[in-house]
Amino acid sequence: MSVPGAQPKRAVSWIFDVTIMVAGGLVGLVALGDLLFSGHLDTQWTVALLIGAPVTALMSRFPLVLNRSSSGIEVGFDSAVLVFLVCFHGGAGALGIWAVGQTLSQVSKTKRTDVRLFNVGLGILSGFVAVAVMRWVGDLGASTLRELSAVALGCAAFFLFDYLVSAVSLALEDRTPLRGELRQSTGLAALGVFVAIDSLGYLAALVQRSLPSWAILLLAVPVFTILVATRALSRGREHRRRLSALFDAAAEAQVVESATELETVLRDNARAAVASRFADLRQDGPLPKEIGARVRAGDQTMWLVAPAVNRARASVEGDRKALEALATVGEEAFARLSLTDEMGRLARHDALTSLPNRTLFLDRVEQGVIRARRNDTTLAVLFLDLDGFKGVNDRFGHAEGDELLKIVAARLVACVRAVDSVARLGGDEFAVLLEGVDGVGELDILCQRLLVALRREIHVMGHEVVVGASIGVAVADRSDDAPGLLRNADMAMYRAKALGKDRFFVYQPSLREENVRRLELIEALRRGISTELVVHYQPIIDLARGRVAGVEALVRWQRPDGLVAPDSFIVAAEESGLISELGERVLARMVEDAPLLALAAGRPLTMGCNMSAHQLRDPGFLDLVGEAVTALGENRLLLEMTETVVVADDAETDYALRTLRALGAGLAIDDFGVGFSSIGYLQHLPVETLKIDRSFTRDIDSSPRAFALVEAILVMGAALDLKVVAEGIERPAQLERLRQAGCTLGQGYLFGRPQPLPDLVRALRGGIVVGDLMTTRTTGS
């Protein structure tokens with residue numbers, strides 16, 4: 001019996017199906033009327049009607065299923081009852097009872113009404129063809145070989161007629177070629193099985209003729225066994241089909257690279273699993289006559305659906321479970337694709353700002369260089385490094401620092417065109433790719449716009465924070481590649497920082513040579529840090545008493561070709577991470593020289609040396625300071641730090657500073673007034689000394705405003721109980737004005753330049769002359 005598909009029928013399909021329904025119904029009514037009203041309904045035929053019709057309906061529940069792409073063909077073994085009836089008692093009522101049995105078999109089905117009527121009509125017509133062929137061959141009831149041949153030919157005619165009409169109906173409804181419907185790999189085997197099984201009906205007739213009537217019950221066991229085995233065979237075939245589809249889907253889902261490919265895999269294997277080409281993967285859920293399984297693909301929900309009626313008599317529940325299993329495979333595959341996409345995105349984007357990272361940025365620059373060469377346009381790369389970000393990050397914490405970076409990223413994106421690319425390279429470094437730039441003037445305007453945008457206040461934890469940026473600009477020429485352009489922009493950025501920060505600088509070829517020299521300097525420093533570094537000392541004068549109060553240790557690099565300026569190699573040491581080792585060596589040398597200096601001065605001295613932020617965060621630095629304080633004895637250790645160190649104001653820095661004070665070391669802020677310090681910071685910092693930067697004392701003897709500033713710092717220091725040292729004293733007039741302002745400690749070339757240990761020892765022994773004041777050497781305190 002055929003099970004048509006789910007597409008709306010065309011007129012020609014309806015005409016064909018209705019023709020079969022009407023023809024079968026007429027034949028059935030005629031046959032039943034003949035049985036009831038022509039005198040054939042005796043006791044035997046009454047019993048046959050009462051038993052044969054229900055048995056026919058029962059045996060129709062155990063079909064052999066031949067699956068197609070859109071539906072299936074069920075070949076029932078109930079026709080064995082028809083064979084028995086044809087060979088029973090002259091066969092007069094066989095077709096009528098068969099018609100009743102076919103009608104009963106379709107009453108409890110869940111298929112569409114038109115499908116059930118079609119199956120009744122086709123079953124009756126197939127029975128009519130079988131009866132006609134058997135009677136045409138003849139010799140029915142004779143128990144001869146001819147009768148057996150008649151039965152075999154009749155069964156074959158039944159199968160072929162049913163098979164052909166079903167195929168035509170399916171081809172018309174599904175709009176597929178008839179040849180494709182007839183090409184059924186199991187058709188020939190099914191024909192043989194069908195004829196063999198239906199011959200049991202003939203065997204039952206022979207038993208009924210030659211043995212007592214009860215003997216026919218002996219056939220119930222083999223018939224029942226065959227029916228159950230047939231059903232198990234059909235179910236097994238269905239299970240294999242579903243499992244095969246699931247295995248195929250699981251294997252294919254592991255290798256697909258896109259959601260579209262995965263949807264195709266799920267759709268194809270859903271159709272294979274339920275043997276219906278109308279199975280689909282779609283956004284809408286199942287309709288009332290469909291089964292479905294939800295497939296979650298991230299935020300999206302889809303459904304695997306298949307017809308729940310008009311298919312072969314396969315278990316709908318089994319197909320539903322197959323779709324659910326297939327949906328699980330799909331969800332896992334969608335999750336894998338989503339994870340792969342996310343990993344790919346994270347591999348090419350910054351997790352904090354969602355901007356492209358260095359890898360993606362370089363790829364875009366490389367593609368941009370190719371386009372610029374092809375189109376003869378101008379391409380530029382900007383390298384931005386935030387000024388003052390570290391201090392903000394240290395003071396407020398990394399979480400607030402991250403928020404600041406997000407705001408900076410948003411401002412950068414807002415300043416450029418949609419076609420430009422903004423990237424975060426790492427830390428506080430950003431880059432911008434500009435294509436199709438209209439000359440250097442446009443670059444100047446953009447850089448100024450970026451600088452202005454970044455100067456605006458940023459609110460962090462209720463505080464207004466200002467960070468600037470140093471920008472390096474590199475314009476591509478025909479020989480540049482992406483890494484080279486970024487490297488050039490990086491060098492230009494460093495030059496912008498060296499020029500005072502908060503500005504931009506356009507790359508020039510000479511910068512490359514300077515960068516090479518800088519790298520060579522770092523490498524030379526690395527090699528010579530243990531043998532070529534020397535310590536010079538500059539005296540600090542007690543202006544009120546006229547004597548040396550202490551010295552500051554200043555490192556010098558003595559190379560074979562002369563001394564290297566500190567401004568050059570100190571920066572290199574910080575960039576290369578050598579600053580901690582350098583500081584340790586200076587501290588050790590100063591501790592070793594302190595007894596000789598104190599002896600020359602005739603009193604204990606304050607021994608000052610610089611301390612970097614790197615040293616402050618070194619776990620072993622506190623132990624080194626503790627050992628130095630012990631080794632200095634009566635001499636006092638004073639650690640000088642710039643304001644960028646103390647502005648950090650984080651728990652780690654505060655703990656380190658207070659531990660240093662507890663160990664006995666004094667703390668001083670060097671170059672006070674040129675960085676970030678304020679009275680607010682000084683209230684809680686454990687410092688004891690301020691060293692006024694030379695920029696304040698330079699014009700103190702000629703500028704009332706400069707004098708007022710220095711005097712204000714002195715008053716503030718006195719109010720906070722801080723010692724104040726004036727740096728950069730070079731002229732007697734400066735000294736006089738500082739004394740008038742109340743300054744008690746001074747340092748500068750007027751008292752002595754930084755000098756080697758032997759020179760300072762001689763100067764201390766002979767006294768240091770400052771105008772009409774000579775520092776005295778005493779033997780007591």
# chains A, B, ... in the order shown; residues from 1 in each chain; ligands from 1

call {"tool": "select_by_dssp", "arguments": {"residues": "segment 451-544 of chain A", "states": "helix (DSSP H, G or I)", "output": "ChimeraX atom specification"}}
result
/A:451-455,482-498,509-528

call {"tool": "residues_around", "arguments": {"residues": "Glu711 of chain A", "least_positions_apart": "4", "cutoff": "9 Å", "atoms": "only C-alpha atoms", "output": "list of chain:residue names"}}
result
A:Ala706, A:Phe707, A:Val715, A:Met716, A:Leu738, A:Ala741, A:Gly742, A:Cys743

call {"tool": "write_last_selection", "arguments": {"atoms": "N, CA and C atoms", "output": "PDB file, in the first residue's frame"}}
result
ATOM      1  N   ALA A 706      59.665  83.412  40.310  1.00  0.00           N
ATOM      2  CA  ALA A 706      60.419  82.221  40.665  1.00  0.00           C
ATOM      3  C   ALA A 706      60.735  82.203  42.155  1.00  0.00           C
ATOM      4  N   PHE A 707      61.105  83.395  42.686  1.00  0.00           N
ATOM      5  CA  PHE A 707      61.397  83.496  44.116  1.00  0.00           C
ATOM      6  C   PHE A 707      60.153  83.133  44.940  1.00  0.00           C
ATOM      7  N   VAL A 715      57.788  77.105  52.556  1.00  0.00           N
ATOM      8  CA  VAL A 715      56.759  77.228  53.585  1.00  0.00           C
ATOM      9  C   VAL A 715      55.962  75.933  53.701  1.00  0.00           C
ATOM     10  N   MET A 716      55.607  75.349  52.538  1.00  0.00           N
ATOM     11  CA  MET A 716      54.864  74.093  52.551  1.00  0.00           C
ATOM     12  C   MET A 716      55.679  72.992  53.221  1.00  0.00           C
ATOM     13  N   LEU A 738      68.155  82.252  48.120  1.00  0.00           N
ATOM     14  CA  LEU A 738      67.660  81.065  48.809  1.00  0.00           C
ATOM     15  C   LEU A 738      67.769  81.211  50.320  1.00  0.00           C
ATOM     16  N   ALA A 741      65.040  83.315  51.464  1.00  0.00           N
ATOM     17  CA  ALA A 741      63.757  82.600  51.481  1.00  0.00           C
ATOM     18  C   ALA A 741      63.677  81.602  52.626  1.00  0.00           C
ATOM     19  N   GLY A 742      64.825  81.368  53.319  1.00  0.00           N
ATOM     20  CA  GLY A 742      64.820  80.441  54.438  1.00  0.00           C
ATOM     21  C   GLY A 742      65.256  79.046  54.092  1.00  0.00           C
ATOM     22  N   CYS A 743      65.892  78.853  52.924  1.00  0.00           N
ATOM     23  CA  CYS A 743      66.366  77.518  52.525  1.00  0.00           C
ATOM     24  C   CYS A 743      67.616  77.173  53.314  1.00  0.00           C
TER      25      CYS A 743
END

call {"tool": "select_by_dssp", "arguments": {"residues": "segment 249-335 of chain A", "states": "strand (DSSP E or B)", "output": "VMD selection string"}}
result
chain A and resid 280 to 282 290 to 297 300 to 307

call {"tool": "write_last_selection", "arguments": {"atoms": "C-alpha atoms", "output": "short mmCIF file (atom, residue, chain, number, x, y, z; two decimals), in the first residue's frame"}}
result
data_model
loop_
_atom_site.label_atom_id
_atom_site.label_comp_id
_atom_site.auth_asym_id
_atom_site.auth_seq_id
_atom_site.Cartn_x
_atom_site.Cartn_y
_atom_site.Cartn_z
CA ASP A 280 13.74 19.89 6.77
CA LEU A 281 15.71 22.24 9.01
CA ARG A 282 13.84 25.52 9.42
CA GLU A 290 4.65 16.89 11.82
CA ILE A 291 7.23 15.78 14.35
CA GLY A 292 10.18 17.95 15.29
CA ALA A 293 13.25 18.46 17.47
CA ARG A 294 14.63 21.80 18.62
CA VAL A 295 18.18 22.74 17.55
CA ARG A 296 19.77 25.56 19.54
CA ALA A 297 22.52 27.39 17.69
CA GLN A 300 19.15 31.23 17.34
CA THR A 301 16.63 28.37 17.49
CA MET A 302 15.89 26.08 14.56
CA TRP A 303 13.83 22.92 14.16
CA LEU A 304 14.38 19.59 12.49
CA VAL A 305 10.91 18.60 11.25
CA ALA A 306 9.46 15.67 9.32
CA PRO A 307 5.96 14.53 8.32
#
